[in-house]
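Just target03.tsv here, TSV, C-alpha atoms:
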chain	number	residue	atom	x	y	z
A	1	MET	CA	-22.71	13.05	-1.32
A	2	SER	CA	-23.59	16.63	-0.70
A	3	TRP	CA	-23.11	19.22	-3.45
A	4	LYS	CA	-20.15	20.56	-1.49
A	5	SER	CA	-18.06	17.53	-2.33
A	6	TYR	CA	-18.22	18.55	-6.01
A	7	LEU	CA	-16.83	22.00	-5.21
A	8	PRO	CA	-13.12	21.18	-5.69
A	9	PHE	CA	-13.86	19.54	-9.00
A	10	ALA	CA	-15.94	22.52	-10.15
A	11	LEU	CA	-13.13	24.86	-9.12
A	12	PHE	CA	-10.67	22.73	-11.06
A	13	VAL	CA	-12.83	22.82	-14.21
A	14	GLY	CA	-13.25	26.58	-13.78
A	15	LEU	CA	-9.51	27.12	-13.52
A	16	ILE	CA	-8.85	24.97	-16.57
A	17	ALA	CA	-11.38	27.06	-18.50
A	18	VAL	CA	-9.71	30.32	-17.40
A	19	PHE	CA	-6.25	29.03	-18.37
A	20	GLY	CA	-7.59	27.65	-21.63
A	21	ILE	CA	-9.01	31.05	-22.58
A	22	GLY	CA	-5.75	32.66	-21.47
A	23	LEU	CA	-3.81	30.49	-23.90
A	24	THR	CA	-5.79	31.82	-26.84
A	25	LEU	CA	-5.11	35.46	-25.98
A	26	LYS	CA	-2.16	37.31	-27.47
A	27	PRO	CA	-0.85	39.65	-24.78
A	28	GLN	CA	2.01	40.69	-27.08
A	29	GLU	CA	-0.44	42.48	-29.35
A	30	LEU	CA	-1.33	45.56	-27.37
A	31	PRO	CA	-4.33	47.38	-28.73
A	32	SER	CA	-3.23	50.67	-30.22
A	33	GLU	CA	-4.06	53.77	-28.23
A	34	PHE	CA	-4.25	55.74	-31.44
A	35	ILE	CA	-7.12	54.18	-33.38
A	36	ASN	CA	-9.19	57.07	-34.72
A	37	GLU	CA	-6.67	59.50	-33.27
A	38	PRO	CA	-4.41	61.79	-35.30
A	39	VAL	CA	-0.83	60.70	-35.88
A	40	PRO	CA	1.27	62.23	-33.08
A	41	GLN	CA	3.47	65.10	-34.20
A	42	PHE	CA	6.96	64.09	-35.14
A	43	GLU	CA	9.88	65.04	-37.32
A	44	ILE	CA	12.65	62.63	-38.14
A	45	ALA	CA	15.60	62.24	-40.49
A	46	ASN	CA	15.20	60.64	-43.90
A	47	LEU	CA	16.87	57.27	-44.40
A	48	PHE	CA	18.43	58.72	-47.53
A	49	GLU	CA	20.78	61.38	-46.25
A	50	GLY	CA	20.27	64.76	-47.87
A	51	GLU	CA	16.57	64.19	-48.54
A	52	PRO	CA	14.00	66.18	-46.55
A	53	ASN	CA	12.99	65.10	-43.07
A	54	VAL	CA	9.91	62.99	-42.61
A	55	THR	CA	7.19	64.61	-40.49
A	56	SER	CA	3.71	63.67	-39.35
A	57	GLU	CA	2.43	66.04	-42.03
A	58	THR	CA	4.10	63.89	-44.65
A	59	LEU	CA	1.52	61.24	-43.80
A	60	THR	CA	-1.56	63.28	-44.67
A	61	GLY	CA	-3.29	64.01	-47.97
A	62	GLU	CA	-4.05	60.47	-49.10
A	63	PHE	CA	-4.49	57.01	-47.67
A	64	THR	CA	-1.10	55.92	-46.45
A	65	LEU	CA	0.44	52.81	-44.99
A	66	LEU	CA	3.06	53.50	-42.37
A	67	ASN	CA	5.17	50.39	-42.13
A	68	VAL	CA	7.61	49.94	-39.26
A	69	PHE	CA	10.51	47.73	-40.31
A	70	GLY	CA	14.20	47.11	-39.77
A	71	SER	CA	16.85	45.15	-41.60
A	72	TRP	CA	17.32	43.12	-38.40
A	73	CYS	CA	13.70	42.02	-38.37
A	74	ARG	CA	13.09	38.51	-39.66
A	75	THR	CA	9.34	38.82	-40.18
A	76	CYS	CA	9.97	41.96	-42.24
A	77	ILE	CA	11.83	39.82	-44.79
A	78	ILE	CA	8.77	37.60	-45.02
A	79	GLU	CA	6.33	40.46	-45.48
A	80	HIS	CA	8.54	42.53	-47.78
A	81	PRO	CA	7.65	40.86	-51.11
A	82	TYR	CA	3.98	41.46	-50.36
A	83	LEU	CA	4.59	45.17	-49.74
A	84	VAL	CA	6.39	45.35	-53.10
A	85	GLN	CA	3.48	43.56	-54.75
A	86	LEU	CA	0.93	45.77	-52.98
A	87	LYS	CA	2.72	48.88	-54.18
A	88	GLU	CA	2.74	47.58	-57.77
A	89	GLU	CA	-0.89	46.51	-57.73
A	90	THR	CA	-2.58	49.32	-55.82
A	91	GLY	CA	-0.14	52.21	-55.91
A	92	ILE	CA	-1.07	53.09	-52.31
A	93	ARG	CA	1.45	55.34	-50.66
A	94	ILE	CA	3.69	53.38	-48.33
A	95	ILE	CA	5.88	55.26	-45.92
A	96	GLY	CA	8.53	53.28	-44.13
A	97	LEU	CA	9.88	53.78	-40.64
A	98	ASP	CA	13.29	52.18	-40.47
A	99	TRP	CA	13.47	51.36	-36.79
A	100	ARG	CA	16.59	50.83	-34.67
A	101	ASP	CA	18.69	50.22	-37.72
A	102	THR	CA	21.91	51.42	-39.26
A	103	ARG	CA	21.82	53.26	-42.56
A	104	PRO	CA	24.22	50.92	-44.42
A	105	ALA	CA	22.33	47.80	-43.30
A	106	ALA	CA	18.96	49.28	-44.27
A	107	LEU	CA	20.15	50.48	-47.67
A	108	GLU	CA	21.72	47.12	-48.43
A	109	TRP	CA	18.50	45.40	-47.33
A	110	LEU	CA	16.36	47.56	-49.63
A	111	ASP	CA	18.81	47.03	-52.51
A	112	ARG	CA	18.49	43.31	-52.11
A	113	LEU	CA	14.74	43.04	-51.53
A	114	GLY	CA	13.37	46.01	-53.46
A	115	ASN	CA	12.01	49.31	-52.19
A	116	PRO	CA	8.22	49.69	-52.09
A	117	TYR	CA	8.42	52.82	-49.94
A	118	ASP	CA	7.71	56.35	-51.15
A	119	ILE	CA	9.56	57.88	-48.24
A	120	ILE	CA	11.47	56.30	-45.38
A	121	GLY	CA	12.10	57.86	-41.97
A	122	PHE	CA	15.15	56.77	-40.04
A	123	ASP	CA	14.23	56.14	-36.41
A	124	GLU	CA	17.50	55.10	-34.86
A	125	HIS	CA	16.50	55.60	-31.23
A	126	SER	CA	12.78	54.72	-31.29
A	127	GLU	CA	11.68	58.33	-30.84
A	128	VAL	CA	8.87	58.04	-33.37
A	129	ALA	CA	8.26	54.36	-32.64
A	130	ILE	CA	7.62	55.00	-28.94
A	131	GLY	CA	5.50	58.02	-29.83
A	132	LEU	CA	3.33	55.69	-31.92
A	133	GLY	CA	3.19	52.96	-29.30
A	134	VAL	CA	5.12	50.51	-31.45
A	135	THR	CA	6.07	47.31	-29.60
A	136	GLY	CA	7.76	45.32	-32.34
A	137	ALA	CA	8.39	45.08	-36.04
A	138	PRO	CA	6.73	44.78	-38.39
A	139	GLU	CA	3.73	46.91	-37.61
A	140	THR	CA	1.61	48.62	-40.23
A	141	PHE	CA	-0.63	51.62	-39.62
A	142	LEU	CA	-3.41	52.69	-41.95
A	143	ILE	CA	-3.63	56.47	-41.99
A	144	ASP	CA	-6.47	58.29	-43.71
A	145	PRO	CA	-6.10	61.48	-45.77
A	146	GLU	CA	-6.83	63.61	-42.70
A	147	GLY	CA	-3.89	62.04	-40.90
A	148	ILE	CA	-6.10	59.95	-38.60
A	149	ILE	CA	-4.87	56.46	-37.73
A	150	ARG	CA	-7.57	53.99	-38.74
A	151	TYR	CA	-5.94	50.68	-37.98
A	152	LYS	CA	-2.76	49.10	-36.71
A	153	HIS	CA	-1.74	45.64	-37.77
A	154	VAL	CA	0.89	43.87	-35.65
A	155	GLY	CA	2.87	41.28	-37.57
A	156	GLU	CA	3.39	40.70	-41.23
A	157	MET	CA	1.13	42.23	-43.86
A	158	ASN	CA	-0.48	39.63	-46.07
A	159	PRO	CA	-3.26	39.50	-48.69
A	160	GLN	CA	-5.80	38.31	-46.13
A	161	ILE	CA	-5.28	41.26	-43.77
A	162	TRP	CA	-5.17	43.66	-46.67
A	163	ASN	CA	-8.40	42.42	-48.25
A	164	GLU	CA	-10.36	41.80	-45.09
A	165	VAL	CA	-9.36	44.79	-42.98
A	166	PHE	CA	-7.55	47.48	-44.92
A	167	VAL	CA	-9.60	47.51	-48.13
A	168	PRO	CA	-13.00	47.86	-46.36
A	169	LEU	CA	-11.64	50.66	-44.19
A	170	ILE	CA	-10.43	52.52	-47.28
A	171	GLU	CA	-13.60	51.86	-49.30
A	172	ASN	CA	-15.97	52.89	-46.51
A	173	TYR	CA	-14.12	56.11	-45.83
A	174	THR	CA	-16.12	59.28	-46.13
A	175	PRO	CA	-14.19	62.54	-45.89
A	176	PRO	CA	-15.40	64.73	-43.03
A	177	ALA	CA	-17.71	67.56	-44.01
A	178	GLY	CA	-15.83	70.72	-44.85
A	179	ALA	CA	-12.66	68.90	-45.84
A	180	ALA	CA	-10.99	70.14	-48.96
B	1	MET	CA	3.75	79.55	-42.09
B	2	LEU	CA	2.60	76.65	-39.95
B	3	ARG	CA	6.00	75.09	-40.23
B	4	ALA	CA	7.69	78.33	-39.20
B	5	LEU	CA	5.38	78.52	-36.20
B	6	PHE	CA	6.06	74.93	-35.33
B	7	LEU	CA	9.79	75.40	-35.65
B	8	SER	CA	9.87	78.52	-33.52
B	9	PHE	CA	7.76	76.72	-30.93
B	10	ALA	CA	10.14	73.78	-31.00
B	11	LEU	CA	13.10	76.12	-30.60
B	12	LEU	CA	11.42	77.94	-27.75
B	13	SER	CA	10.57	74.77	-25.89
B	14	ALA	CA	14.08	73.45	-26.57
B	15	SER	CA	15.65	76.55	-25.08
B	16	ALA	CA	13.24	76.39	-22.15
B	17	ALA	CA	14.25	72.78	-21.68
B	18	PHE	CA	17.89	73.79	-21.81
B	19	ALA	CA	17.37	76.48	-19.22
B	20	GLN	CA	15.77	73.96	-16.92
B	21	SER	CA	18.28	71.22	-17.51
B	22	ALA	CA	20.94	73.50	-16.10
B	23	GLU	CA	19.18	73.26	-12.74
B	24	LEU	CA	19.02	69.47	-12.76
B	25	ASP	CA	22.29	67.80	-11.95
B	26	ASP	CA	23.15	64.47	-13.49
B	27	ALA	CA	22.73	62.50	-10.28
B	28	THR	CA	19.15	63.75	-9.83
B	29	VAL	CA	18.28	63.01	-13.44
B	30	GLU	CA	19.76	59.55	-13.16
B	31	GLN	CA	17.91	58.82	-9.94
B	32	ARG	CA	14.60	60.05	-11.28
B	33	THR	CA	15.05	58.20	-14.57
B	34	GLU	CA	15.70	55.05	-12.56
B	35	ASP	CA	12.68	55.63	-10.32
B	36	ILE	CA	10.32	56.33	-13.21
B	37	SER	CA	11.70	53.38	-15.18
B	38	ARG	CA	10.78	51.06	-12.32
B	39	THR	CA	7.15	52.07	-12.69
B	40	LEU	CA	6.99	51.51	-16.45
B	41	ARG	CA	6.46	48.12	-17.99
B	42	CYS	CA	8.59	46.89	-20.82
B	43	VAL	CA	6.18	46.24	-23.67
B	44	VAL	CA	8.40	43.55	-25.17
B	45	CYS	CA	9.19	41.39	-22.14
B	46	GLN	CA	5.95	42.13	-20.44
B	47	ASN	CA	6.62	41.19	-16.84
B	48	GLN	CA	9.66	43.38	-16.39
B	49	SER	CA	9.93	47.07	-15.84
B	50	ILE	CA	12.00	49.00	-18.34
B	51	ALA	CA	14.56	49.49	-15.58
B	52	ASP	CA	15.08	45.72	-15.37
B	53	SER	CA	14.74	44.83	-19.01
B	54	ASN	CA	17.58	44.50	-21.47
B	55	ALA	CA	15.28	44.67	-24.47
B	56	THR	CA	16.43	47.28	-26.95
B	57	LEU	CA	13.04	48.96	-26.87
B	58	ALA	CA	13.26	49.23	-23.07
B	59	GLU	CA	16.68	50.81	-23.49
B	60	ASP	CA	15.21	53.41	-25.84
B	61	MET	CA	12.28	53.99	-23.49
B	62	ARG	CA	14.72	54.65	-20.64
B	63	ARG	CA	16.58	57.05	-22.88
B	64	LEU	CA	13.32	58.84	-23.68
B	65	VAL	CA	12.40	59.00	-19.98
B	66	GLU	CA	15.75	60.64	-19.32
B	67	VAL	CA	15.26	63.11	-22.18
B	68	ARG	CA	11.88	64.11	-20.80
B	69	VAL	CA	13.17	64.39	-17.24
B	70	ARG	CA	15.93	66.67	-18.49
B	71	ALA	CA	13.38	68.68	-20.43
B	72	GLY	CA	11.64	69.46	-17.14
B	73	ASP	CA	8.73	67.00	-17.13
B	74	THR	CA	7.48	65.86	-13.74
B	75	ASP	CA	7.49	62.13	-13.00
B	76	ASP	CA	3.75	61.98	-13.59
B	77	GLU	CA	4.06	63.81	-16.90
B	78	VAL	CA	6.60	61.29	-18.13
B	79	ARG	CA	4.34	58.42	-17.10
B	80	ALA	CA	1.34	60.13	-18.69
B	81	TYR	CA	3.29	60.44	-21.95
B	82	MET	CA	4.04	56.72	-22.01
B	83	GLN	CA	0.45	56.00	-21.05
B	84	THR	CA	-0.91	57.93	-24.05
B	85	ASN	CA	1.35	55.88	-26.30
B	86	TYR	CA	0.99	52.43	-24.82
B	87	GLY	CA	-2.13	52.60	-22.67
B	88	ASP	CA	-2.58	51.64	-19.03
B	89	PHE	CA	-0.66	48.47	-19.75
B	90	VAL	CA	2.64	50.32	-19.66
B	91	LEU	CA	2.15	51.25	-16.00
B	92	MET	CA	3.45	48.57	-13.63
B	93	SER	CA	0.72	49.56	-11.20
B	94	PRO	CA	-2.62	49.78	-13.02
B	95	PRO	CA	-4.74	52.87	-12.28
B	96	VAL	CA	-7.81	52.46	-10.07
B	97	LYS	CA	-10.86	53.03	-12.27
B	98	PRO	CA	-14.18	51.22	-12.90
B	99	THR	CA	-12.69	48.64	-15.27
B	100	THR	CA	-9.99	47.75	-12.75
B	101	TYR	CA	-12.16	47.73	-9.61
B	102	LEU	CA	-12.44	43.96	-9.80
B	103	LEU	CA	-8.65	43.68	-10.06
B	104	TRP	CA	-7.98	46.01	-7.15
B	105	PHE	CA	-10.77	45.02	-4.81
B	106	SER	CA	-11.20	41.29	-5.39
B	107	PRO	CA	-8.58	40.46	-2.71
B	108	LEU	CA	-10.62	42.51	-0.24
B	109	LEU	CA	-13.78	40.75	-1.39
B	110	ILE	CA	-12.18	37.36	-0.92
B	111	VAL	CA	-10.80	38.16	2.54
B	112	GLY	CA	-14.09	39.81	3.55
B	113	GLY	CA	-16.14	36.91	2.21
B	114	GLY	CA	-13.85	34.46	3.97
B	115	LEU	CA	-14.22	36.30	7.27
B	116	ILE	CA	-18.01	36.39	7.00
B	117	TRP	CA	-18.05	32.68	6.18
B	118	TYR	CA	-15.75	31.93	9.11
B	119	VAL	CA	-17.78	33.95	11.61
B	120	MET	CA	-21.03	32.41	10.46
B	121	SER	CA	-19.77	28.84	10.58
B	122	ALA	CA	-18.12	29.46	13.96
B	123	ARG	CA	-21.44	30.67	15.34
B	124	LYS	CA	-23.23	27.70	13.90
B	125	ARG	CA	-20.72	25.31	15.47
B	126	ALA	CA	-21.01	27.07	18.83
B	127	ALA	CA	-24.80	26.79	18.66
B	128	GLU	CA	-24.59	23.08	17.80
B	129	ALA	CA	-22.10	22.50	20.59
B	130	THR	CA	-24.41	23.98	23.24
B	131	GLU	CA	-27.28	21.91	21.92
B	132	THR	CA	-25.43	18.61	22.26
B	133	GLU	CA	-23.88	19.36	25.62
B	134	LEU	CA	-26.32	17.64	27.96
B	135	GLY	CA	-26.50	18.60	31.58
B	136	ASP	CA	-28.32	16.80	34.45
B	137	GLU	CA	-31.31	19.06	33.98
B	138	ASP	CA	-31.80	17.69	30.44
B	139	LEU	CA	-32.65	14.23	31.70
B	140	SER	CA	-36.13	13.27	32.62
B	141	ALA	CA	-36.81	11.90	36.14
B	142	GLU	CA	-37.01	8.39	34.74
B	143	GLU	CA	-33.64	8.80	32.98
B	144	GLN	CA	-32.09	10.21	36.16
B	145	ALA	CA	-33.21	7.19	38.09
B	146	ARG	CA	-31.80	4.81	35.46
B	147	LEU	CA	-28.48	6.66	35.40
B	148	GLN	CA	-28.26	6.53	39.16
B	149	LYS	CA	-28.96	2.81	39.12
B	150	LEU	CA	-26.24	2.14	36.53
B	151	MET	CA	-23.72	4.14	38.50
B	152	ASP	CA	-24.58	2.34	41.72
B	153	GLU	CA	-24.20	-1.03	40.00
B	154	ASN	CA	-20.81	0.03	38.71
B	155	ALA	CA	-19.64	1.19	42.11
B	156	SER	CA	-20.67	-2.02	43.86
B	157	SER	CA	-19.07	-4.41	41.34

Give the structure from the file, written as structure tokens.
Amino acid sequence: MSWKSYLPFALFVGLIAVFGIGLTLKPQELPSEFINEPVPQFEIANLFEGEPNVTSETLTGEFTLLNVFGSWCRTCIIEHPYLVQLKEETGIRIIGLDWRDTRPAALEWLDRLGNPYDIIGFDEHSEVAIGLGVTGAPETFLIDPEGIIRYKHVGEMNPQIWNEVFVPLIENYTPPAGAA
Amino acid sequence: MLRALFLSFALLSASAAFAQSAELDDATVEQRTEDISRTLRCVVCQNQSIADSNATLAEDMRRLVEVRVRAGDTDDEVRAYMQTNYGDFVLMSPPVKPTTYLLWFSPLLIVGGGLIWYVMSARKRAAEATETELGDEDLSAEEQARLQKLMDENASS
């Protein structure tokens, strides 16, 4: 048999390999366009009516987690206890973005599960979420003291992600020269 | 101070947007929102445009497209805004650039390669065909004589 007779089989194996690799990819997790970019400017209402608006400037000054959540989001319920624990153990500033929610539902949710957030913005119509390239909840951004986004984690926060990704990023941070 | 500046800028751009929105009638805005939405991919249900998708995020993206159209953005500016937030992925038609050359031009390569292969094999076949087509002049004198003999025998029997 000439080598040509093996061609269909080789093509078949090649296709299987391509599909096999395709299965391991996660097209839902878009890479963030904002890694090492400043947080886009925004200003949005506070979840607690009467408290000051939340702006992009609110996020600067210290290492901050910006956590996108909603009371409708099932995975957020799973990750929530860890955020509470993280707040207790590390004291890191956690700013919430309550996304596509209603105020009563969100407040009830926080009452029930605890509130690890320092400040919570209320993003009813995805204005901030779209500005940040959010595709689903939960998502957690790590923002450095200069207001630069260092990392975006899609899906629930857990000890593994925190220890393996977030902690090294925070520990290896060197403030830019000339920063106050 | 910065905040005051920012606020006054926001107010200015808001009033500018208002001035412009007066020129755009609702039908135009609706049509343009629809047109732009067809070119933007829903990032939740990834094979639909935000015009086709019922996902809540797509709904909000359409709303934002409309807001920006009303504010006086051109179609390309709206798309560019979404592109900064979500990357090239959000465009239904990926931009032509070095990393997408393979995507854009591989069909041409395949058709071109196929054509070259076809022409070459057709030539080869034609060459082979002329080689095997034997005429009278290809036979030696001895062969001619034998052929003639066979034909004569056939005719007489």

Subject >> 9 Å contacts from chain A to chain B using all atoms listed in the file, as a list in words >> reply: Pro27, Gln28, Leu30, Pro31, Ser32, Glu33, Phe34, Arg100, His125, Ser126, Glu127, Ile130, Gly131, Leu132, Gly133, Val134, Thr135 and Gly136 of chain A

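Taking CA of Leu169 in chain A and CA of Arg150 in chain A as the two end points, the separation is 7.6 Å.
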
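The interatomic distance for the pair CA of Gly96 in chain A and CA of Asn67 in chain A works out to 4.9 Å.
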
Subject >> Spatial neighbours of Gln41 in chain A, max dist 12 Å, only C-alpha atoms, sep filter under 5 positions, as a list in words >> reply: Val54, Thr55, Ser56, Glu57, Thr58, Leu59, Thr60, Glu127, Val128, Ala129, Gly131, Leu132, Gly147 and Ile148 of chain A; Arg3, Phe6 and Ala10 of chain B

Original post:
Could you work out how far CA of Ala55 in chain B lies from CA of Phe69 in chain A, giving the answer in Å with one decimal?
Top reply: 16.8 Å

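Across A:Ser71, A:Gln160, A:Ser5, A:Thr64, the tightest approach to Ile95 in chain A is made by A:Thr64 when counting all atoms listed in the file.
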
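Minimum atom-to-atom distances from A:Leu113, A:Ile170, A:Ala10, A:Leu107 to Phe48 in chain A were compared using all atoms listed in the file, and the lowest value belongs to A:Leu107.
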
Subject >> Spatial neighbours of Val29 in chain B, max dist 7 Å, only C-alpha atoms, sep filter under 5 positions, as an MDAnalysis selection string >> reply: chainID B and resid 24 66 69:70
